[in-house]
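Text of target-v1.cif, listed as mmCIF, C-alpha atoms:
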```
data_upload
#
loop_
_atom_site.label_atom_id
_atom_site.label_comp_id
_atom_site.auth_asym_id
_atom_site.auth_seq_id
_atom_site.Cartn_x
_atom_site.Cartn_y
_atom_site.Cartn_z
CA MET A 24 18.41 67.52 -336.44
CA SER A 25 18.89 70.42 -334.09
CA PRO A 26 19.46 69.50 -330.45
CA MET A 27 17.00 72.27 -329.61
CA GLN A 28 14.12 70.36 -331.14
CA THR A 29 11.50 69.32 -328.64
CA LEU A 30 10.12 65.79 -328.43
CA THR A 31 6.90 66.90 -330.16
CA GLN A 32 8.91 68.43 -333.00
CA ARG A 33 10.96 65.26 -333.41
CA LEU A 34 7.79 63.14 -333.39
CA ALA A 35 6.07 65.44 -335.89
CA ASN A 36 7.20 63.05 -338.58
CA PRO A 37 4.58 60.25 -338.67
CA THR A 38 7.15 57.65 -339.75
CA ARG A 39 9.29 58.50 -336.72
CA PHE A 40 6.18 58.52 -334.53
CA MET A 41 5.17 55.04 -335.75
CA ALA A 42 8.62 53.67 -334.87
CA PHE A 43 8.70 55.39 -331.47
CA SER A 44 5.15 54.44 -330.47
CA GLY A 45 5.63 50.89 -331.76
CA ALA A 46 8.66 50.51 -329.49
CA ILE A 47 7.04 51.82 -326.30
CA LEU A 48 3.49 50.48 -326.77
CA PRO A 49 4.11 46.89 -325.59
CA TRP A 50 5.95 48.10 -322.48
CA MET A 51 3.17 50.55 -321.70
CA ALA A 52 0.50 47.88 -322.14
CA VAL A 53 2.35 45.47 -319.82
CA ALA A 54 2.98 48.18 -317.19
CA SER A 55 -0.67 49.20 -317.37
CA ALA A 56 -1.89 45.60 -316.93
CA LEU A 57 0.44 45.03 -313.95
CA LEU A 58 -0.58 48.27 -312.24
CA ILE A 59 -4.29 47.61 -312.76
CA ALA A 60 -3.92 44.02 -311.49
CA TYR A 61 -2.06 45.24 -308.40
CA ALA A 62 -4.65 47.98 -307.82
CA MET A 63 -7.50 45.44 -308.04
CA TYR A 64 -5.70 43.20 -305.54
CA LEU A 65 -5.45 46.15 -303.13
CA VAL A 66 -9.08 47.15 -303.77
CA PHE A 67 -10.62 43.73 -303.16
CA PHE A 68 -8.24 42.24 -300.57
CA VAL A 69 -6.51 45.08 -298.70
CA ALA A 70 -8.43 48.39 -298.77
CA PRO A 71 -10.86 48.76 -295.85
CA PRO A 72 -14.56 49.58 -296.20
CA ASP A 73 -15.48 53.22 -295.68
CA TYR A 74 -16.92 54.08 -292.26
CA GLN A 75 -20.01 55.63 -293.89
CA GLN A 76 -20.31 53.99 -297.31
CA GLY A 77 -19.18 50.51 -296.41
CA GLU A 78 -17.99 48.38 -299.33
CA THR A 79 -19.64 50.58 -301.97
CA VAL A 80 -16.53 52.75 -301.73
CA LYS A 81 -14.94 50.11 -303.98
CA ILE A 82 -16.74 51.78 -306.88
CA MET A 83 -14.57 54.85 -306.24
CA TYR A 84 -11.46 53.02 -307.52
CA ILE A 85 -12.88 52.86 -311.04
CA HIS A 86 -15.24 55.83 -310.97
CA VAL A 87 -12.67 58.48 -310.02
CA PRO A 88 -9.96 57.41 -312.54
CA SER A 89 -12.66 57.25 -315.24
CA ALA A 90 -13.78 60.80 -314.43
CA TRP A 91 -10.19 62.10 -314.39
CA LEU A 92 -9.46 60.45 -317.74
CA ALA A 93 -12.74 61.75 -319.18
CA LEU A 94 -11.51 65.28 -318.45
CA GLY A 95 -7.91 64.47 -319.40
CA GLY A 96 -9.03 63.05 -322.74
CA TYR A 97 -10.84 66.26 -323.56
CA ALA A 98 -7.79 68.30 -322.53
CA ILE A 99 -5.71 66.25 -325.00
CA ILE A 100 -8.25 66.97 -327.75
CA ALA A 101 -8.24 70.69 -326.92
CA LEU A 102 -4.42 70.87 -326.88
CA SER A 103 -4.20 68.90 -330.13
CA SER A 104 -6.81 71.17 -331.72
CA PHE A 105 -4.78 74.18 -330.65
CA GLY A 106 -1.68 72.52 -332.14
CA LEU A 107 -3.55 71.97 -335.40
CA LEU A 108 -5.04 75.45 -335.75
CA VAL A 109 -2.01 77.44 -334.55
CA PHE A 110 1.08 75.36 -335.34
CA ARG A 111 -0.34 73.05 -338.07
CA HIS A 112 1.43 70.17 -336.33
CA PRO A 113 1.13 67.15 -338.67
CA LEU A 114 0.06 64.78 -335.90
CA ALA A 115 -2.20 67.16 -333.98
CA ASP A 116 -5.35 66.25 -335.89
CA VAL A 117 -4.47 62.55 -335.72
CA SER A 118 -4.14 62.90 -331.94
CA ALA A 119 -7.44 64.79 -331.57
CA LYS A 120 -9.34 62.28 -333.68
CA ALA A 121 -7.83 59.27 -331.89
CA ALA A 122 -8.55 60.62 -328.39
CA ALA A 123 -12.27 61.30 -328.92
CA PRO A 124 -13.70 57.75 -328.71
CA ILE A 125 -11.35 56.87 -325.83
CA GLY A 126 -12.40 59.95 -323.86
CA ALA A 127 -16.05 59.24 -324.65
CA ALA A 128 -15.68 55.66 -323.36
CA PHE A 129 -14.16 56.83 -320.05
CA THR A 130 -16.87 59.51 -319.70
CA LEU A 131 -19.56 56.87 -320.22
CA ALA A 132 -17.80 54.66 -317.65
CA ALA A 133 -17.75 57.55 -315.15
CA LEU A 134 -21.47 58.23 -315.72
CA ILE A 135 -22.53 54.58 -315.36
CA THR A 136 -20.35 53.77 -312.34
CA GLY A 137 -21.45 57.07 -310.77
CA ALA A 138 -25.12 56.18 -311.22
CA LEU A 139 -24.55 52.72 -309.75
CA TRP A 140 -22.71 54.29 -306.79
CA GLY A 141 -25.40 56.95 -306.38
CA LYS A 142 -28.36 54.58 -306.03
CA PRO A 143 -27.26 52.89 -302.77
CA MET A 144 -25.69 56.09 -301.35
CA TRP A 145 -28.11 58.83 -302.44
CA GLY A 146 -31.18 56.72 -303.09
CA THR A 147 -31.24 57.66 -306.79
CA TYR A 148 -29.32 56.81 -309.95
CA TRP A 149 -29.48 60.34 -311.30
CA VAL A 150 -30.16 63.94 -310.30
CA TRP A 151 -29.79 66.97 -312.50
CA ASP A 152 -27.15 68.56 -310.29
CA ALA A 153 -24.28 70.60 -311.71
CA ARG A 154 -21.57 67.92 -311.57
CA LEU A 155 -23.65 65.12 -313.06
CA THR A 156 -25.22 67.33 -315.71
CA SER A 157 -21.90 68.85 -316.78
CA MET A 158 -20.38 65.36 -317.10
CA LEU A 159 -23.33 64.35 -319.28
CA MET A 160 -22.68 67.47 -321.39
CA LEU A 161 -19.05 66.40 -321.74
CA PHE A 162 -20.22 63.01 -323.03
CA PHE A 163 -22.50 64.71 -325.59
CA LEU A 164 -19.62 67.01 -326.56
CA TYR A 165 -17.46 63.96 -327.29
CA LEU A 166 -20.28 62.45 -329.38
CA GLY A 167 -20.69 65.79 -331.16
CA LEU A 168 -17.00 65.90 -332.08
CA ILE A 169 -17.12 62.34 -333.42
CA ALA A 170 -20.36 62.98 -335.33
CA LEU A 171 -19.18 66.29 -336.82
CA ARG A 172 -15.98 64.74 -338.11
CA SER A 173 -17.67 61.73 -339.63
CA SER A 174 -20.42 63.82 -341.24
CA LEU A 175 -18.00 65.77 -343.45
CA GLU A 176 -16.44 64.22 -346.53
CA ASP A 177 -13.65 66.82 -346.80
CA GLU A 178 -11.13 65.69 -344.15
CA ALA A 179 -9.25 69.00 -344.00
CA LEU A 180 -12.47 70.92 -343.40
CA ALA A 181 -13.67 68.32 -340.87
CA SER A 182 -10.37 68.65 -338.97
CA LYS A 183 -10.64 72.43 -338.75
CA LEU A 184 -14.32 72.53 -337.77
CA THR A 185 -13.83 69.80 -335.17
CA ALA A 186 -10.82 71.66 -333.75
CA VAL A 187 -12.84 74.89 -333.44
CA LEU A 188 -15.71 73.05 -331.72
CA ALA A 189 -13.22 71.31 -329.39
CA LEU A 190 -11.67 74.64 -328.38
CA VAL A 191 -15.08 76.24 -327.79
CA GLY A 192 -16.11 73.22 -325.75
CA VAL A 193 -13.04 73.34 -323.51
CA SER A 194 -14.97 75.71 -321.23
CA ILE A 195 -16.79 72.62 -319.93
CA LEU A 196 -13.63 71.46 -318.10
CA PRO A 197 -13.50 74.19 -315.38
CA ILE A 198 -17.28 73.99 -315.08
CA ILE A 199 -17.05 70.26 -314.29
CA LYS A 200 -14.07 70.71 -311.96
CA PHE A 201 -15.54 73.59 -309.95
CA SER A 202 -19.25 72.68 -310.22
CA VAL A 203 -19.16 71.16 -306.74
CA ASP A 204 -17.74 74.43 -305.33
CA TRP A 205 -19.88 76.87 -307.30
CA TRP A 206 -23.25 75.17 -306.81
CA ASN A 207 -25.01 73.07 -304.23
CA THR A 208 -24.68 69.54 -305.54
CA LEU A 209 -25.68 66.10 -304.34
CA HIS A 210 -22.27 65.02 -305.59
CA GLN A 211 -19.67 65.27 -302.85
CA PRO A 212 -17.26 68.25 -302.82
CA SER A 213 -13.72 68.02 -304.16
CA THR A 214 -11.24 65.86 -302.24
CA GLY A 215 -8.40 68.17 -303.36
CA PHE A 216 -6.93 65.53 -305.65
CA THR A 217 -7.45 62.84 -302.98
CA SER A 218 -5.70 64.80 -300.21
CA SER A 219 -8.73 64.37 -297.94
CA VAL A 220 -8.99 60.63 -298.66
CA ASP A 221 -7.51 58.33 -296.02
CA ALA A 222 -4.13 56.86 -297.01
CA SER A 223 -5.49 53.30 -296.83
CA MET A 224 -7.82 54.18 -299.71
CA ARG A 225 -5.72 56.84 -301.43
CA THR A 226 -2.87 54.44 -302.29
CA PRO A 227 -5.04 51.92 -304.18
CA LEU A 228 -6.91 54.82 -305.80
CA LEU A 229 -3.71 56.44 -307.09
CA ILE A 230 -2.30 53.08 -308.28
CA SER A 231 -5.57 52.37 -310.07
CA ALA A 232 -5.50 55.84 -311.63
CA ALA A 233 -1.88 55.33 -312.76
CA GLY A 234 -2.77 51.97 -314.35
CA PHE A 235 -5.75 53.38 -316.23
CA LEU A 236 -3.72 56.44 -317.26
CA LEU A 237 -1.13 54.16 -318.86
CA LEU A 238 -3.95 52.21 -320.52
CA PHE A 239 -5.38 55.48 -321.86
CA ILE A 240 -1.98 56.51 -323.27
CA ALA A 241 -1.41 53.06 -324.81
CA LEU A 242 -4.86 53.11 -326.44
CA HIS A 243 -4.29 56.66 -327.67
CA LEU A 244 -0.94 55.75 -329.24
CA LYS A 245 -2.46 52.66 -330.87
CA ALA A 246 -5.45 54.63 -332.18
CA MET A 247 -3.04 57.26 -333.57
CA GLN A 248 -1.08 54.52 -335.35
CA ASN A 249 -4.34 53.21 -336.82
CA GLU A 250 -5.30 56.67 -338.05
CA ILE A 251 -1.87 57.25 -339.63
CA MET A 252 -2.16 53.91 -341.46
CA ARG A 253 -5.71 54.79 -342.59
CA ARG A 254 -4.49 58.11 -344.02
CA ARG A 255 -1.58 56.42 -345.77
CA VAL A 256 -3.89 53.88 -347.39
CA LYS A 257 -6.21 56.68 -348.47
CA ALA A 258 -3.31 58.70 -349.92
CA MET A 259 -2.06 55.63 -351.81
CA ARG A 260 -5.52 54.94 -353.24
CA VAL A 261 -5.88 58.56 -354.38
CA ALA A 262 -2.42 58.40 -355.99
CA GLU A 263 -3.38 55.12 -357.68
CA VAL A 264 -6.56 56.63 -359.14
CA GLU A 265 -4.64 59.70 -360.34
CA ARG A 266 -2.02 57.49 -362.02
CA GLY A 267 -4.81 55.54 -363.72
CA ASP A 268 -6.41 58.79 -364.94
CA ARG A 269 -3.07 60.03 -366.30
CA LEU A 270 -2.45 56.76 -368.14
CA MET A 271 -5.95 56.85 -369.63
CA SER A 272 -5.61 60.43 -370.82
CA ALA A 273 -2.13 59.65 -372.24
CA GLY A 274 -3.59 56.64 -374.07
CA ALA A 275 -6.42 58.78 -375.49
CA GLU A 276 -3.89 61.24 -376.94
CA MET B 21 -15.67 37.82 -300.42
CA ASP B 22 -18.53 39.61 -298.68
CA LEU B 23 -19.28 42.96 -300.27
CA GLY B 24 -22.22 43.73 -298.02
CA PRO B 25 -25.82 44.59 -298.85
CA HIS B 26 -24.91 46.63 -301.94
CA ALA B 27 -22.76 43.95 -303.60
CA ALA B 28 -24.97 43.95 -306.70
CA PHE B 29 -24.20 47.64 -307.34
CA ILE B 30 -20.46 47.05 -306.91
CA TRP B 31 -20.40 44.06 -309.27
CA ALA B 32 -22.63 45.88 -311.78
CA SER B 33 -20.21 48.86 -311.74
CA TYR B 34 -17.16 46.69 -312.32
CA GLY B 35 -19.03 44.65 -314.94
CA ALA B 36 -20.08 47.73 -316.89
CA PHE B 37 -16.59 49.21 -316.60
CA VAL B 38 -14.89 46.03 -317.85
CA LEU B 39 -17.41 45.72 -320.69
CA ILE B 40 -16.83 49.32 -321.86
CA LEU B 41 -13.04 48.95 -321.73
CA ALA B 42 -13.15 45.52 -323.43
CA LEU B 43 -15.24 46.94 -326.29
CA LEU B 44 -12.89 49.93 -326.61
CA VAL B 45 -9.70 47.83 -326.57
CA GLY B 46 -11.21 45.27 -328.96
CA TRP B 47 -12.38 47.95 -331.39
CA ILE B 48 -9.00 49.70 -331.47
CA TRP B 49 -7.13 46.40 -331.81
CA LEU B 50 -9.38 45.17 -334.65
CA ASP B 51 -9.14 48.54 -336.39
CA GLY B 52 -5.34 48.28 -336.16
CA ARG B 53 -5.39 44.86 -337.83
CA ARG B 54 -7.76 46.12 -340.53
CA GLN B 55 -5.61 49.16 -341.31
CA ALA B 56 -2.38 47.13 -341.28
CA ARG B 57 -3.93 44.68 -343.77
CA ALA B 58 -5.18 47.50 -345.99
CA LEU B 59 -1.73 49.13 -345.93
CA ALA B 60 -0.03 45.84 -346.79
CA ASP B 61 -2.49 45.33 -349.71
CA ALA B 62 -1.84 48.84 -351.00
CA ASP B 63 1.92 48.27 -350.72
CA ARG B 64 1.62 44.98 -352.60
CA ARG B 65 -0.21 46.72 -355.43
CA GLY B 66 2.79 49.01 -355.66
CA GLY B 67 0.90 52.01 -354.36
CA ARG B 68 2.82 55.19 -353.71
CA ARG B 69 1.62 58.29 -351.98
CA ARG B 70 1.71 61.52 -353.94
CA SER B 71 3.82 62.90 -351.13
CA SER B 72 6.35 60.05 -351.06
CA GLY B 73 9.75 61.36 -351.88
CA ALA B 74 8.58 64.95 -351.68
CA ALA B 75 7.50 65.21 -348.07
CA GLU B 76 8.03 62.12 -345.99
CA GLY B 77 6.51 63.88 -343.03
CA SER B 78 2.93 64.00 -344.26
CA PRO B 79 0.59 61.47 -342.63
#
```
Let me see the file written as structure tokens.
Amino acid sequence: MSPMQTLTQRLANPTRFMAFSGAILPWMAVASALLIAYAMYLVFFVAPPDYQQGETVKIMYIHVPSAWLALGGYAIIALSSFGLLVFRHPLADVSAKAAAPIGAAFTLAALITGALWGKPMWGTYWVWDARLTSMLMLFFLYLGLIALRSSLEDEALASKLTAVLALVGVSILPIIKFSVDWWNTLHQPSTGFTSSVDASMRTPLLISAAGFLLLFIALHLKAMQNEIMRRRVKAMRVAEVERGDRLMSAGAE
Amino acid sequence: MDLGPHAAFIWASYGAFVLILALLVGWIWLDGRRQARALADADRRGGRRRSSGAAEGSP
């Protein structure tokens, strides 16, 4: 193996990826659980109430990481799709497929916690403003990717079509990010990646985000392992059927 | 712990969040067990991939 090979090149071999991910997954899961537990301790026993929002600011500690991971999950899918279409990386499609339900779950979490935060603060669960609507579109985009892939029998074709749709859909990410700057929204403007949040709330927020990021990565690795195993089983079954066909045709001759 | 007049919204948010994550983690974990069992069954039947030996790298 050339020392110039990047980590992604070295992990391009699924067998090597299974060994690598299997080794780091338990550590990542434990680190994620510890960070989340510590973040929740800070949230419920240390972090002060907001001077305007009171205790409802506690919703921020799950809503903001969910929204970040909703966008991050889609970025992973877009990068993986690019890797599949341009470099034909063997694990790119596995990564894109595995990330979709996880990203969709975090998007749904961001939408629900946002609605439950909005009602006491804005007086409504939902408004069709640019930020909320674009997040809802992201959720539908995730569902579209999952539905498109599962509706096609031919896996190679499904991979390519899903990758194209994912790359077209990546335009939603800057729209979501800058929607609060470009349009008048009920949703608050950007905090500049928490720079305008007081340190007493920023620390638990960043620890919570780090914990859920590790959870996202752990789930993604596990879902990729599952997909690799599923493809291996499928390949073995196809090979088994082909062997049976060959034996039958040899017997007929 | 007093979470003020909007406690119900805070607990509902955390409840929904935990439920979504629990379903996601449970689904991925169960899928992993199912695939591992299917792979072990296929191995036991002596299954071999077409690619085995030729290209170990294919998923």
Provide the atom CA of A:Glu78 to atom CA of A:Tyr64 distance in Å, to one decimal place.
14.7 Å
Hey, what's within 10 Å of A:His243 if we count all atoms listed in the file and toss same-chain stuff fewer than 2 positions away? As JSON, numbers by chain, please?
{"A": [48, 96, 117, 118, 119, 120, 121, 122, 123, 124, 125, 126, 237, 238, 239, 240, 241, 245, 246, 247, 248, 249], "B": [48]}
Expand the PyMOL selection byres ((chain B and resi 26-34) around 10) into the explicit residue set it covers here, and present it as a compact mmCIF listing (two decimals) with C-alpha atoms, in the coordinates of the input.
```txt
# COMPACT_ATOMS: atom_id res chain seq x y z
CA GLN A 76 -20.31 53.99 -297.31
CA GLY A 77 -19.18 50.51 -296.41
CA GLU A 78 -17.99 48.38 -299.33
CA THR A 79 -19.64 50.58 -301.97
CA VAL A 80 -16.53 52.75 -301.73
CA LYS A 81 -14.94 50.11 -303.98
CA ILE A 82 -16.74 51.78 -306.88
CA MET A 83 -14.57 54.85 -306.24
CA TYR A 84 -11.46 53.02 -307.52
CA ILE A 85 -12.88 52.86 -311.04
CA HIS A 86 -15.24 55.83 -310.97
CA ALA A 132 -17.80 54.66 -317.65
CA ALA A 133 -17.75 57.55 -315.15
CA ILE A 135 -22.53 54.58 -315.36
CA THR A 136 -20.35 53.77 -312.34
CA GLY A 137 -21.45 57.07 -310.77
CA ALA A 138 -25.12 56.18 -311.22
CA LEU A 139 -24.55 52.72 -309.75
CA TRP A 140 -22.71 54.29 -306.79
CA GLY A 141 -25.40 56.95 -306.38
CA LYS A 142 -28.36 54.58 -306.03
CA PRO A 143 -27.26 52.89 -302.77
CA MET A 144 -25.69 56.09 -301.35
CA MET B 21 -15.67 37.82 -300.42
CA ASP B 22 -18.53 39.61 -298.68
CA LEU B 23 -19.28 42.96 -300.27
CA GLY B 24 -22.22 43.73 -298.02
CA PRO B 25 -25.82 44.59 -298.85
CA GLY B 35 -19.03 44.65 -314.94
CA ALA B 36 -20.08 47.73 -316.89
CA PHE B 37 -16.59 49.21 -316.60
CA VAL B 38 -14.89 46.03 -317.85
CA LEU B 39 -17.41 45.72 -320.69
CA ILE B 40 -16.83 49.32 -321.86
```
Atom CA of A:Val203 to atom CA of A:Gln75, straight-line distance in Å:
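Pair atom CA of A:Gln75 / atom CA of A:Val203 returns 20.2 Å.
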One decimal place gives the atom CA of A:Thr147-atom CA of A:Val69 separation as 28.9 Å
Run the PyMOL selection byres ((chain B and resi 55-68) around 12) mentally over the shown coordinates, then write out the matched residues as a PDB file with C-alpha atoms, keeping the file's coordinate frame, using the chain letters and numbers from the document.
```
ATOM      1  CA  LYS A 245      -2.460  52.660-330.870  1.00  0.00           C
ATOM      2  CA  ALA A 246      -5.450  54.630-332.180  1.00  0.00           C
ATOM      3  CA  MET A 247      -3.040  57.260-333.570  1.00  0.00           C
ATOM      4  CA  GLN A 248      -1.080  54.520-335.350  1.00  0.00           C
ATOM      5  CA  ASN A 249      -4.340  53.210-336.820  1.00  0.00           C
ATOM      6  CA  GLU A 250      -5.300  56.670-338.050  1.00  0.00           C
ATOM      7  CA  ILE A 251      -1.870  57.250-339.630  1.00  0.00           C
ATOM      8  CA  MET A 252      -2.160  53.910-341.460  1.00  0.00           C
ATOM      9  CA  ARG A 253      -5.710  54.790-342.590  1.00  0.00           C
ATOM     10  CA  ARG A 254      -4.490  58.110-344.020  1.00  0.00           C
ATOM     11  CA  ARG A 255      -1.580  56.420-345.770  1.00  0.00           C
ATOM     12  CA  VAL A 256      -3.890  53.880-347.390  1.00  0.00           C
ATOM     13  CA  LYS A 257      -6.210  56.680-348.470  1.00  0.00           C
ATOM     14  CA  ALA A 258      -3.310  58.700-349.920  1.00  0.00           C
ATOM     15  CA  MET A 259      -2.060  55.630-351.810  1.00  0.00           C
ATOM     16  CA  ARG A 260      -5.520  54.940-353.240  1.00  0.00           C
ATOM     17  CA  VAL A 261      -5.880  58.560-354.380  1.00  0.00           C
ATOM     18  CA  ALA A 262      -2.420  58.400-355.990  1.00  0.00           C
ATOM     19  CA  GLU A 263      -3.380  55.120-357.680  1.00  0.00           C
ATOM     20  CA  VAL A 264      -6.560  56.630-359.140  1.00  0.00           C
ATOM     21  CA  GLU A 265      -4.640  59.700-360.340  1.00  0.00           C
ATOM     22  CA  ARG A 266      -2.020  57.490-362.020  1.00  0.00           C
ATOM     23  CA  GLY A 267      -4.810  55.540-363.720  1.00  0.00           C
TER      24      GLY A 267
ATOM     25  CA  ILE B  48      -9.000  49.700-331.470  1.00  0.00           C
ATOM     26  CA  TRP B  49      -7.130  46.400-331.810  1.00  0.00           C
ATOM     27  CA  LEU B  50      -9.380  45.170-334.650  1.00  0.00           C
ATOM     28  CA  ASP B  51      -9.140  48.540-336.390  1.00  0.00           C
ATOM     29  CA  GLY B  52      -5.340  48.280-336.160  1.00  0.00           C
ATOM     30  CA  ARG B  53      -5.390  44.860-337.830  1.00  0.00           C
ATOM     31  CA  ARG B  54      -7.760  46.120-340.530  1.00  0.00           C
ATOM     32  CA  ARG B  69       1.620  58.290-351.980  1.00  0.00           C
ATOM     33  CA  ARG B  70       1.710  61.520-353.940  1.00  0.00           C
ATOM     34  CA  SER B  71       3.820  62.900-351.130  1.00  0.00           C
ATOM     35  CA  SER B  72       6.350  60.050-351.060  1.00  0.00           C
ATOM     36  CA  GLY B  73       9.750  61.360-351.880  1.00  0.00           C
ATOM     37  CA  ALA B  74       8.580  64.950-351.680  1.00  0.00           C
ATOM     38  CA  GLU B  76       8.030  62.120-345.990  1.00  0.00           C
TER      39      GLU B  76
END
```
Please determine, counting only C-alpha atoms, which residue among A:Leu164, A:Leu134, A:Val150, A:Leu188 has the shortest atom-to-atom distance to chain B.
A:Leu134
Excluding same-chain residues fewer than 3 positions from A:Phe235, what lies within 7 Å of it counting all atoms listed in the file, as a PDB file with C-alpha atoms, in the frame of the given file?
```pdb
ATOM      1  CA  SER A  55      -0.670  49.200-317.370  1.00  0.00           C
ATOM      2  CA  ILE A  59      -4.290  47.610-312.760  1.00  0.00           C
ATOM      3  CA  PRO A  88      -9.960  57.410-312.540  1.00  0.00           C
ATOM      4  CA  SER A 231      -5.570  52.370-310.070  1.00  0.00           C
ATOM      5  CA  ALA A 232      -5.500  55.840-311.630  1.00  0.00           C
ATOM      6  CA  LEU A 238      -3.950  52.210-320.520  1.00  0.00           C
ATOM      7  CA  PHE A 239      -5.380  55.480-321.860  1.00  0.00           C
TER       8      PHE A 239
END
```
Check what the PyMOL selection byres ((chain A and resi 209) around 8) selects in the file above and give those residues as a ChimeraX atom specification.
/A:145,150,152,207-208,210-211
Measuring between only C-alpha atoms, which one of A:Thr185, A:Thr226, A:Ser202, A:Ser194 shows the shortest distance to A:Thr156?
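The answer is A:Ser202, which sits nearest to A:Thr156.
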Considering only C-alpha atoms, state which residue in the set A:Leu131, A:Met51, A:Ala90, A:Gly95 is at the smallest distance from chain B.
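Selected residue with least distance to chain B: A:Leu131.
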